[in-house]
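Notes for the one structure printed next.
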Amino acid sequence: MAPAATSPCSPRLLLASSAYPPPPRLLHAAVRPLLPGSRRGGVRLRVRCGAADEEAEARRGEQLKASVEEMAPGLDLVTLAACLVGLLTGVSVVLFNLSVHEIRDLLWDGIPLRGASWLREEPTGEIWQRVILVPVSGGIIVGGLNTLRSSIKTNSDGTVSNIKGVFRPFLKAVAASFTLGTGNSLGPEGPSVEIGSAIAKGFGNVFGWEGGKKLSLVAAGSAAGIASGFNAAVAGCFFAVESVLWPSSEASSSLSNSTPMVILSAVIASVVSEIGLGSDPAFTVPEYDFRSPTELPLYLLLGVFCGLVSITLSRCTALTMDTVESLQKATGLPRAASPALGGLIVGLLALMYPEVLYWGFENVDILLESRPFTSGLSASVLVQLIGVKILATSLCRAFGLVGGYYAPSLFIGAATGMAYGKFMRFTFTGSEALFHVPFLDVASPQAYGLVGMAATLAGVCKVPLTSVLLLFELTQDYRIVLPLLGAVGLSSWIASPQRFSTSSKAKLDFSEEKTRTLLEGKIVSSQTQQATSADSSDSTADLCKLESSLCVYDARDSDMLENLNVAEAMKTKCISVSVKTSVVEALNLMLAEKQPFVMITESNKSLVGLLTLKDFQDFCRTSKTTRMQTEVQVQLQDCLVSHVCGDVRCKMWSVTPQMPLTTAEKIMDSHGVDQVPVVSEHSDHQDGGLLIGFVDRECITIARRALAAKEFFSSTSEIRKEER
């Protein structure tokens with residue numbers, strides 16, 4: 001039996017404890033008097049007292065502590081700041097929407113608000129120049145603004161950097177105004193959310209708030225952005241919960257404290273929006289009806305279609321972005337010129353399908369047939385609009401035009417629902433119905449259009465509760481809730497990236513089961529496993545690329561944290577055993593070292609995998625359930641680590657020392673694990689890599705807090721030098 005090792009994995013990469021003191025004592029090190037030669041987490045701190053005695057030093061420490069506590073904001077101050085964020089966000093969103101309207105009226109020569117349907121009534125020879133040149137002009141302006149925004153660097157600290165940081169979101173909002181005012185196929189709600197979050201982050205930076213307080217402010221800003229954009233305060237509150245609070249690791253401790261701030265901010269922003277833009281909802285709710293509960297299966301089927309349409313939009317956007325990026329590299333197309341090319345394509349598409357142009361929500365009203373003196377579109381035209389709108393929206397995003405995906409999602413959902421409703425009425429109702437079902441009375445297409453809007457928005461932006469509450473708040477009809485919940489739930493489930501990753505993993509496990517022997521075959525290289533891990537963690541990144549307003553808060557987005565790599569947080573002492581080690585011995589080592597996992601290595605320290613305590617427990621349960629079906633029983637004392645790996649499969653996800661710490665954390669998040677092995681950069685492609693340590697969530701937390709404390713002490717020292 002091969003002996004197990006409980007020694008450092010490698011002496012080469014060690015995180016010096018003297019550089020990063022543990023977080024629980026950092027605050028005390030800052031505010032308590034320190035005796036000469038005292039230690040705080042391995043750091044020897046020397047305080048030169050001169051001729052002062054210990055009593056004077058203690059008094060000085062108490063004064064410093066009192067000043068820190070006096071500067072520390074309470075919950076009331078953060079709540080007041082959230083109210084101000086709501087007020088400023090409401091005003092900013094009103095100005096943003098007014099600027100979009102002014103640009104549209106100026107460039108489109110004050111055409112009456114009939115949506116883009118008026119273009120269908122005009123001869124193409126008279127309007128083609130305007131239809132093409134207006135989106136192109138918007139792209140030219142956006143290209144220049146994007147270049148200016150990219151040239152602003154905010155890596156350094158200080159007043160100048162903070163001022164530059166203010167201009168970046170401002171320039172992005174201006175770029176969005178020209179994108180939408182010139183009719184390019186995006187929406188205003190995403191920029192509205194980013195305006196609110198930028199204002200919230202500005203407040204947090206001014207007061208120096210971090211953690212839960214900054215999270216609460218960003219959630220309040222996001223809620224204010226949606227509330228003022230749609231004039232729907234309730235939907236704004238739920239949007240903040242779904243897009244900011246729930247995805248955050250700090251949400252469990254901040255959700256209850258953030259709730260009143262989010263509500264107040266959303267209400268204030270909604271009131272300001274009503275004053276500045278009017279009390280009318282974002283789009284006109286048409287006359288609709290619900291005939292009978294027997295229609296519910298039809299709404300569920302609509303949810304399935306909306307989920308598929310949502311996947312099509314997301315995949316088309318990702319494919320288009322990759323294609324445009326490859327085109328830019330191959331042809332040397334400047335990024336500043338890309339938005340103009342996107343506007344050109346949108347203009348060409350608008351010659352045939354003018355509804356793809358952004359024209360507020362008037363185009364949605366045209367689809368829902370909710371405006372007087374407008375003729376509805378046929379089901380065949382609606383189906384064509386779905387495909388053209390997906391293409392136009394994807395091209396706008398890929399070529400660098402600025403805007404959100406909420407309005408396009410609602411447009412596509414309305415077209416899907418209306419086309420579906422018209423087809424169902426043709427199929428089941430009327431004198432020429434294809435099928436006569438006595439107990440089925442199909443409602444008007446407008447009802448399906450409204451449900452399709454919410455279902456598509458939920459599938460694309462992954463905000464199902466917000467979608468339900470938004471439609472319920474706008475319709476104020478309880479009858480819509482049941483079909484709405486069913487369709488939104490199905491659409492969200494179908495479009496969920498976790499569903500695809502789970503099914504793919506099941507197929508992979510099934511194929512491996514047929515070809516894999518008990519860890520005696522060829523081991524997959526660590527590079528392949530890292531690529532698989534990165535692909536699995538890309539779903540969140542793809543969603544952020546699709547709609548950046550869904551990722552307005554990330555505790556890991558600070559510039560100073562992006563510089564951390566795995567080598568600065570990893571531990572080099574770990575338990576390593578071989579595949580021939582007994583299970584009992586491995587468990588004894590885990591118990592002795594109080595470590596909830598064990599590394600599996602070959603004789604040359606090449607990584608085979610990782611097993612956690614839960615894996616051993618799952619192995620025991622599996623053995624109990626299959627004991628009566630197994631011909632040859634293996635006693636617990638004779639079980640080897642290879643048996644456990646053969647049953648539950650060793651985890652092979654690994655990272656390298658120079659990999660960014662944020663990437664390692666995404667790998668852990670995507671696979672639902674709390675630790676990953678660290679292998680050498682110079683690994684043999686035929687094995688799993690030379691094991692040199694591991695990194696877990698505790699390591700990441702300590703490294704980040706220590707770096708934050710280091711930055712705090714450095715900034716405090718600079719302030720004192722300036723005061724002197």
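Ligands are numbered from 1 in the order shown, chains are lettered A, B, ... in the order of the structure tokens, and residues start at 1 in each chain.
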
- Determine, counting only C-alpha atoms, which protein, DNA and RNA residues have an atom within 9 Å of an atom of Val174 of chain A; residues of the same chain fewer than 5 positions away are not included. Present the result as a PyMOL selection string. chain A and resi 96+99+142+145+169+179

Just N, CA, C and O atoms for this one: save the residues we selected as a compact mmCIF listing (two decimals), in the first residue's frame.
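Saved the output as out.txt:
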```txt
# COMPACT_ATOMS: atom_id res chain seq x y z
N PHE A 96 -32.20 61.56 -20.29
CA PHE A 96 -31.73 60.60 -21.30
C PHE A 96 -32.84 60.33 -22.32
O PHE A 96 -32.61 60.36 -23.55
N SER A 99 -33.50 63.35 -24.51
CA SER A 99 -32.47 63.53 -25.54
C SER A 99 -32.68 62.56 -26.69
O SER A 99 -32.47 62.92 -27.87
N VAL A 142 -21.38 57.39 -32.56
CA VAL A 142 -21.13 56.41 -31.50
C VAL A 142 -19.71 55.88 -31.58
O VAL A 142 -19.05 55.67 -30.54
N LEU A 145 -17.49 58.40 -29.92
CA LEU A 145 -17.69 58.41 -28.47
C LEU A 145 -17.09 57.17 -27.82
O LEU A 145 -16.52 57.24 -26.73
N PRO A 169 -19.25 56.63 -17.79
CA PRO A 169 -20.69 56.35 -17.94
C PRO A 169 -21.46 57.47 -18.62
O PRO A 169 -22.46 57.21 -19.31
N THR A 179 -27.43 56.27 -30.49
CA THR A 179 -27.78 54.96 -31.05
C THR A 179 -29.29 54.84 -31.21
O THR A 179 -29.79 54.43 -32.27
```

- Message: Set the distance at 8 Å and use only C-alpha atoms: which residues neighbour Ala455 of chain A once local chain neighbours fewer than 5 positions away are removed? I'd like the list as a PyMOL selection string.
- Response: chain A and resi 303+306-307+413+464+467+484+487-489+491-492

Residues near segment 396-409 of chain A, cut-off 8 Å, only C-alpha atoms, skip fewer than 4 positions along chain, as a PDB file with N, CA, C and O atoms, in the first residue's frame:
```
ATOM      1  N   GLY A 139     -24.150  55.730 -36.091  1.00  0.00           N
ATOM      2  CA  GLY A 139     -22.999  54.858 -35.889  1.00  0.00           C
ATOM      3  C   GLY A 139     -21.686  55.611 -35.915  1.00  0.00           C
ATOM      4  O   GLY A 139     -20.763  55.296 -35.154  1.00  0.00           O
ATOM      5  N   VAL A 142     -21.378  57.392 -32.563  1.00  0.00           N
ATOM      6  CA  VAL A 142     -21.130  56.413 -31.500  1.00  0.00           C
ATOM      7  C   VAL A 142     -19.706  55.882 -31.577  1.00  0.00           C
ATOM      8  O   VAL A 142     -19.054  55.665 -30.540  1.00  0.00           O
ATOM      9  N   GLY A 143     -19.192  55.673 -32.789  1.00  0.00           N
ATOM     10  CA  GLY A 143     -17.811  55.213 -32.924  1.00  0.00           C
ATOM     11  C   GLY A 143     -16.824  56.185 -32.315  1.00  0.00           C
ATOM     12  O   GLY A 143     -15.877  55.781 -31.619  1.00  0.00           O
ATOM     13  N   LYS A 172     -21.018  56.962 -22.268  1.00  0.00           N
ATOM     14  CA  LYS A 172     -21.785  55.793 -22.701  1.00  0.00           C
ATOM     15  C   LYS A 172     -23.262  56.132 -22.835  1.00  0.00           C
ATOM     16  O   LYS A 172     -23.938  55.670 -23.769  1.00  0.00           O
ATOM     17  N   ALA A 175     -23.672  58.078 -26.001  1.00  0.00           N
ATOM     18  CA  ALA A 175     -23.603  57.160 -27.143  1.00  0.00           C
ATOM     19  C   ALA A 175     -24.910  56.397 -27.305  1.00  0.00           C
ATOM     20  O   ALA A 175     -25.389  56.181 -28.431  1.00  0.00           O
ATOM     21  N   ALA A 176     -25.505  55.988 -26.197  1.00  0.00           N
ATOM     22  CA  ALA A 176     -26.796  55.295 -26.269  1.00  0.00           C
ATOM     23  C   ALA A 176     -27.882  56.222 -26.810  1.00  0.00           C
ATOM     24  O   ALA A 176     -28.767  55.784 -27.557  1.00  0.00           O
ATOM     25  N   THR A 179     -27.426  56.273 -30.495  1.00  0.00           N
ATOM     26  CA  THR A 179     -27.782  54.963 -31.049  1.00  0.00           C
ATOM     27  C   THR A 179     -29.293  54.835 -31.208  1.00  0.00           C
ATOM     28  O   THR A 179     -29.794  54.430 -32.265  1.00  0.00           O
ATOM     29  N   LEU A 180     -30.018  55.173 -30.162  1.00  0.00           N
ATOM     30  CA  LEU A 180     -31.472  55.001 -30.187  1.00  0.00           C
ATOM     31  C   LEU A 180     -32.166  56.116 -30.954  1.00  0.00           C
ATOM     32  O   LEU A 180     -33.168  55.877 -31.636  1.00  0.00           O
ATOM     33  N   ASN A 184     -31.303  52.800 -34.429  1.00  0.00           N
ATOM     34  CA  ASN A 184     -30.637  51.496 -34.407  1.00  0.00           C
ATOM     35  C   ASN A 184     -31.331  50.558 -33.422  1.00  0.00           C
ATOM     36  O   ASN A 184     -31.894  50.982 -32.417  1.00  0.00           O
ATOM     37  N   SER A 185     -31.239  49.270 -33.699  1.00  0.00           N
ATOM     38  CA  SER A 185     -32.111  48.276 -33.078  1.00  0.00           C
ATOM     39  C   SER A 185     -31.621  47.826 -31.710  1.00  0.00           C
ATOM     40  O   SER A 185     -31.163  46.698 -31.526  1.00  0.00           O
ATOM     41  N   LEU A 186     -31.692  48.731 -30.724  1.00  0.00           N
ATOM     42  CA  LEU A 186     -31.431  48.381 -29.330  1.00  0.00           C
ATOM     43  C   LEU A 186     -32.487  49.084 -28.480  1.00  0.00           C
ATOM     44  O   LEU A 186     -33.483  49.579 -29.017  1.00  0.00           O
ATOM     45  N   GLY A 187     -32.291  49.128 -27.153  1.00  0.00           N
ATOM     46  CA  GLY A 187     -33.314  49.711 -26.295  1.00  0.00           C
ATOM     47  C   GLY A 187     -32.739  50.599 -25.220  1.00  0.00           C
ATOM     48  O   GLY A 187     -31.537  50.559 -24.933  1.00  0.00           O
ATOM     49  N   PRO A 188     -33.582  51.411 -24.546  1.00  0.00           N
ATOM     50  CA  PRO A 188     -33.092  52.385 -23.565  1.00  0.00           C
ATOM     51  C   PRO A 188     -33.037  51.892 -22.137  1.00  0.00           C
ATOM     52  O   PRO A 188     -32.442  52.552 -21.281  1.00  0.00           O
ATOM     53  N   GLU A 189     -33.659  50.762 -21.826  1.00  0.00           N
ATOM     54  CA  GLU A 189     -33.752  50.364 -20.420  1.00  0.00           C
ATOM     55  C   GLU A 189     -32.408  49.907 -19.860  1.00  0.00           C
ATOM     56  O   GLU A 189     -32.102  50.162 -18.692  1.00  0.00           O
ATOM     57  N   GLY A 190     -31.596  49.232 -20.682  1.00  0.00           N
ATOM     58  CA  GLY A 190     -30.260  48.847 -20.228  1.00  0.00           C
ATOM     59  C   GLY A 190     -29.417  50.049 -19.845  1.00  0.00           C
ATOM     60  O   GLY A 190     -28.854  50.103 -18.749  1.00  0.00           O
ATOM     61  N   PRO A 191     -29.290  51.064 -20.717  1.00  0.00           N
ATOM     62  CA  PRO A 191     -28.578  52.279 -20.311  1.00  0.00           C
ATOM     63  C   PRO A 191     -29.185  52.957 -19.088  1.00  0.00           C
ATOM     64  O   PRO A 191     -28.456  53.547 -18.282  1.00  0.00           O
ATOM     65  N   THR A 317     -26.510  36.420 -31.149  1.00  0.00           N
ATOM     66  CA  THR A 317     -25.662  37.523 -30.691  1.00  0.00           C
ATOM     67  C   THR A 317     -24.234  37.059 -30.462  1.00  0.00           C
ATOM     68  O   THR A 317     -23.272  37.722 -30.885  1.00  0.00           O
ATOM     69  N   THR A 320     -22.593  36.345 -33.825  1.00  0.00           N
ATOM     70  CA  THR A 320     -22.329  37.576 -34.561  1.00  0.00           C
ATOM     71  C   THR A 320     -21.148  38.329 -33.969  1.00  0.00           C
ATOM     72  O   THR A 320     -20.313  38.878 -34.704  1.00  0.00           O
ATOM     73  N   MET A 321     -21.049  38.359 -32.652  1.00  0.00           N
ATOM     74  CA  MET A 321     -19.926  39.041 -32.014  1.00  0.00           C
ATOM     75  C   MET A 321     -18.609  38.367 -32.368  1.00  0.00           C
ATOM     76  O   MET A 321     -17.607  39.041 -32.650  1.00  0.00           O
ATOM     77  N   VAL A 324     -17.845  39.211 -36.104  1.00  0.00           N
ATOM     78  CA  VAL A 324     -17.389  40.586 -36.293  1.00  0.00           C
ATOM     79  C   VAL A 324     -15.974  40.763 -35.751  1.00  0.00           C
ATOM     80  O   VAL A 324     -15.136  41.444 -36.362  1.00  0.00           O
ATOM     81  N   ARG A 335     -12.167  49.749 -34.840  1.00  0.00           N
ATOM     82  CA  ARG A 335     -13.349  49.642 -33.992  1.00  0.00           C
ATOM     83  C   ARG A 335     -14.199  50.904 -34.058  1.00  0.00           C
ATOM     84  O   ARG A 335     -15.418  50.847 -33.864  1.00  0.00           O
ATOM     85  N   SER A 338     -16.706  50.511 -36.849  1.00  0.00           N
ATOM     86  CA  SER A 338     -17.646  49.386 -36.788  1.00  0.00           C
ATOM     87  C   SER A 338     -19.087  49.813 -36.543  1.00  0.00           C
ATOM     88  O   SER A 338     -20.008  49.305 -37.203  1.00  0.00           O
ATOM     89  N   PRO A 339     -19.367  50.749 -35.619  1.00  0.00           N
ATOM     90  CA  PRO A 339     -20.779  51.144 -35.421  1.00  0.00           C
ATOM     91  C   PRO A 339     -21.430  51.704 -36.678  1.00  0.00           C
ATOM     92  O   PRO A 339     -22.623  51.485 -36.914  1.00  0.00           O
ATOM     93  N   LEU A 341     -20.811  50.787 -39.726  1.00  0.00           N
ATOM     94  CA  LEU A 341     -21.144  49.638 -40.568  1.00  0.00           C
ATOM     95  C   LEU A 341     -22.396  48.940 -40.045  1.00  0.00           C
ATOM     96  O   LEU A 341     -23.256  48.502 -40.823  1.00  0.00           O
ATOM     97  N   GLY A 342     -22.507  48.841 -38.721  1.00  0.00           N
ATOM     98  CA  GLY A 342     -23.719  48.260 -38.150  1.00  0.00           C
ATOM     99  C   GLY A 342     -24.946  49.083 -38.478  1.00  0.00           C
ATOM    100  O   GLY A 342     -26.017  48.538 -38.800  1.00  0.00           O
ATOM    101  N   GLY A 343     -24.824  50.419 -38.401  1.00  0.00           N
ATOM    102  CA  GLY A 343     -25.948  51.271 -38.766  1.00  0.00           C
ATOM    103  C   GLY A 343     -26.335  51.132 -40.227  1.00  0.00           C
ATOM    104  O   GLY A 343     -27.525  51.190 -40.578  1.00  0.00           O
ATOM    105  N   VAL A 346     -28.405  47.950 -40.560  1.00  0.00           N
ATOM    106  CA  VAL A 346     -29.741  48.166 -40.002  1.00  0.00           C
ATOM    107  C   VAL A 346     -30.586  48.991 -40.964  1.00  0.00           C
ATOM    108  O   VAL A 346     -31.782  48.709 -41.178  1.00  0.00           O
ATOM    109  N   PHE A 361     -41.589  52.696 -27.903  1.00  0.00           N
ATOM    110  CA  PHE A 361     -42.415  51.483 -27.882  1.00  0.00           C
ATOM    111  C   PHE A 361     -43.596  51.600 -28.832  1.00  0.00           C
ATOM    112  O   PHE A 361     -44.530  50.804 -28.755  1.00  0.00           O
ATOM    113  N   LYS A 389     -35.532  41.090 -36.718  1.00  0.00           N
ATOM    114  CA  LYS A 389     -35.214  41.841 -35.498  1.00  0.00           C
ATOM    115  C   LYS A 389     -34.082  41.174 -34.728  1.00  0.00           C
ATOM    116  O   LYS A 389     -33.203  41.849 -34.177  1.00  0.00           O
ATOM    117  N   ALA A 392     -30.925  42.098 -36.692  1.00  0.00           N
ATOM    118  CA  ALA A 392     -30.563  43.511 -36.552  1.00  0.00           C
ATOM    119  C   ALA A 392     -30.031  43.811 -35.159  1.00  0.00           C
ATOM    120  O   ALA A 392     -29.037  44.540 -34.999  1.00  0.00           O
ATOM    121  N   GLY A 413     -40.828  39.311 -28.419  1.00  0.00           N
ATOM    122  CA  GLY A 413     -41.864  38.562 -27.715  1.00  0.00           C
ATOM    123  C   GLY A 413     -43.256  38.932 -28.169  1.00  0.00           C
ATOM    124  O   GLY A 413     -44.132  38.057 -28.309  1.00  0.00           O
ATOM    125  N   MET A 453     -44.398  38.707 -24.640  1.00  0.00           N
ATOM    126  CA  MET A 453     -43.420  39.738 -24.283  1.00  0.00           C
ATOM    127  C   MET A 453     -42.708  39.376 -22.990  1.00  0.00           C
ATOM    128  O   MET A 453     -41.469  39.423 -22.903  1.00  0.00           O
ATOM    129  N   THR A 456     -40.447  36.117 -23.356  1.00  0.00           N
ATOM    130  CA  THR A 456     -39.197  36.328 -24.089  1.00  0.00           C
ATOM    131  C   THR A 456     -38.222  37.161 -23.273  1.00  0.00           C
ATOM    132  O   THR A 456     -37.015  36.889 -23.264  1.00  0.00           O
ATOM    133  N   LEU A 457     -38.717  38.186 -22.595  1.00  0.00           N
ATOM    134  CA  LEU A 457     -37.840  38.990 -21.736  1.00  0.00           C
ATOM    135  C   LEU A 457     -37.215  38.132 -20.649  1.00  0.00           C
ATOM    136  O   LEU A 457     -36.016  38.262 -20.346  1.00  0.00           O
ATOM    137  N   VAL A 460     -34.472  35.811 -22.312  1.00  0.00           N
ATOM    138  CA  VAL A 460     -33.265  36.476 -22.797  1.00  0.00           C
ATOM    139  C   VAL A 460     -32.447  37.040 -21.648  1.00  0.00           C
ATOM    140  O   VAL A 460     -31.228  36.823 -21.568  1.00  0.00           O
ATOM    141  N   CYS A 461     -33.092  37.774 -20.755  1.00  0.00           N
ATOM    142  CA  CYS A 461     -32.375  38.503 -19.697  1.00  0.00           C
ATOM    143  C   CYS A 461     -32.340  37.769 -18.364  1.00  0.00           C
ATOM    144  O   CYS A 461     -31.751  38.286 -17.404  1.00  0.00           O
ATOM    145  N   LEU A 546     -24.277  40.154 -23.479  1.00  0.00           N
ATOM    146  CA  LEU A 546     -25.577  40.367 -24.096  1.00  0.00           C
ATOM    147  C   LEU A 546     -26.264  41.593 -23.521  1.00  0.00           C
ATOM    148  O   LEU A 546     -26.779  42.441 -24.250  1.00  0.00           O
ATOM    149  N   GLU A 547     -26.289  41.710 -22.192  1.00  0.00           N
ATOM    150  CA  GLU A 547     -26.937  42.835 -21.528  1.00  0.00           C
ATOM    151  C   GLU A 547     -26.098  43.229 -20.324  1.00  0.00           C
ATOM    152  O   GLU A 547     -26.149  42.589 -19.269  1.00  0.00           O
ATOM    153  N   SER A 548     -25.265  44.253 -20.501  1.00  0.00           N
ATOM    154  CA  SER A 548     -24.316  44.645 -19.457  1.00  0.00           C
ATOM    155  C   SER A 548     -24.998  45.164 -18.205  1.00  0.00           C
ATOM    156  O   SER A 548     -24.409  45.141 -17.125  1.00  0.00           O
ATOM    157  N   SER A 549     -26.247  45.625 -18.316  1.00  0.00           N
ATOM    158  CA  SER A 549     -26.933  46.129 -17.130  1.00  0.00           C
ATOM    159  C   SER A 549     -27.288  45.024 -16.156  1.00  0.00           C
ATOM    160  O   SER A 549     -27.661  45.305 -15.012  1.00  0.00           O
TER     161      SER A 549
END
```

- Message: Given only C-alpha atoms as the basis, pick out the residue of A:Leu434, A:Gly90, A:Leu133, A:Cys237 nearest to Pro260 of chain A.
- Response: A:Cys237

Determine, counting only C-alpha atoms, which protein, DNA and RNA residues have an atom within 12 Å of an atom of Met590 of chain A; residues of the same chain fewer than 6 positions away are not included. Present the result as a PDB file with N, CA and C atoms, in the first residue's frame.
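File result-v3.pdb, as written:
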```
ATOM      1  N   ALA A   4       0.753   7.613   2.278  1.00  0.00           N
ATOM      2  CA  ALA A   4       0.137   8.916   2.022  1.00  0.00           C
ATOM      3  C   ALA A   4       1.048   9.992   2.524  1.00  0.00           C
ATOM      4  N   ALA A   5       0.945  11.141   1.909  1.00  0.00           N
ATOM      5  CA  ALA A   5       1.818  12.270   2.250  1.00  0.00           C
ATOM      6  C   ALA A   5       1.002  13.387   2.841  1.00  0.00           C
ATOM      7  N   THR A   6       1.555  14.026   3.876  1.00  0.00           N
ATOM      8  CA  THR A   6       0.931  15.199   4.475  1.00  0.00           C
ATOM      9  C   THR A   6       1.984  16.267   4.618  1.00  0.00           C
ATOM     10  N   CYS A 574      -0.944  20.454   1.572  1.00  0.00           N
ATOM     11  CA  CYS A 574      -2.188  19.745   1.309  1.00  0.00           C
ATOM     12  C   CYS A 574      -1.963  18.247   1.482  1.00  0.00           C
ATOM     13  N   ILE A 575      -3.040  17.505   1.603  1.00  0.00           N
ATOM     14  CA  ILE A 575      -2.990  16.047   1.735  1.00  0.00           C
ATOM     15  C   ILE A 575      -3.017  15.441   0.343  1.00  0.00           C
ATOM     16  N   SER A 576      -2.063  14.590   0.061  1.00  0.00           N
ATOM     17  CA  SER A 576      -2.035  13.902  -1.225  1.00  0.00           C
ATOM     18  C   SER A 576      -1.880  12.414  -0.985  1.00  0.00           C
ATOM     19  N   VAL A 577      -2.676  11.622  -1.688  1.00  0.00           N
ATOM     20  CA  VAL A 577      -2.632  10.172  -1.600  1.00  0.00           C
ATOM     21  C   VAL A 577      -2.610   9.610  -3.009  1.00  0.00           C
ATOM     22  N   VAL A 583      -9.304   3.761   1.638  1.00  0.00           N
ATOM     23  CA  VAL A 583     -10.247   4.825   1.969  1.00  0.00           C
ATOM     24  C   VAL A 583     -10.136   5.207   3.431  1.00  0.00           C
ATOM     25  N   VAL A 584      -9.957   4.228   4.298  1.00  0.00           N
ATOM     26  CA  VAL A 584      -9.864   4.507   5.733  1.00  0.00           C
ATOM     27  C   VAL A 584      -8.660   5.388   6.031  1.00  0.00           C
ATOM     28  N   PRO A 596     -11.257  19.074   4.341  1.00  0.00           N
ATOM     29  CA  PRO A 596     -12.424  18.355   3.810  1.00  0.00           C
ATOM     30  C   PRO A 596     -12.222  17.752   2.420  1.00  0.00           C
ATOM     31  N   PHE A 597     -10.991  17.602   1.973  1.00  0.00           N
ATOM     32  CA  PHE A 597     -10.740  17.021   0.660  1.00  0.00           C
ATOM     33  C   PHE A 597      -9.350  16.417   0.666  1.00  0.00           C
ATOM     34  N   VAL A 598      -9.063  15.636  -0.367  1.00  0.00           N
ATOM     35  CA  VAL A 598      -7.764  15.006  -0.507  1.00  0.00           C
ATOM     36  C   VAL A 598      -7.395  14.989  -1.986  1.00  0.00           C
ATOM     37  N   MET A 599      -6.101  15.251  -2.261  1.00  0.00           N
ATOM     38  CA  MET A 599      -5.607  15.230  -3.633  1.00  0.00           C
ATOM     39  C   MET A 599      -5.176  13.820  -4.005  1.00  0.00           C
ATOM     40  N   LEU A 611     -10.856  14.489  -4.388  1.00  0.00           N
ATOM     41  CA  LEU A 611     -12.043  13.909  -3.771  1.00  0.00           C
ATOM     42  C   LEU A 611     -12.377  14.684  -2.502  1.00  0.00           C
ATOM     43  N   THR A 612     -13.639  15.004  -2.338  1.00  0.00           N
ATOM     44  CA  THR A 612     -14.088  15.696  -1.140  1.00  0.00           C
ATOM     45  C   THR A 612     -14.755  14.714  -0.192  1.00  0.00           C
ATOM     46  N   LEU A 613     -15.026  15.191   1.010  1.00  0.00           N
ATOM     47  CA  LEU A 613     -15.708  14.355   1.986  1.00  0.00           C
ATOM     48  C   LEU A 613     -17.093  13.958   1.487  1.00  0.00           C
ATOM     49  N   PHE A 616     -16.891  10.863  -0.668  1.00  0.00           N
ATOM     50  CA  PHE A 616     -16.839   9.620   0.110  1.00  0.00           C
ATOM     51  C   PHE A 616     -18.219   9.247   0.647  1.00  0.00           C
TER      52      PHE A 616
END
```

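Going from atom CA of Glu568 of chain A to atom CA of Lys213 of chain A covers 27.4 Å.
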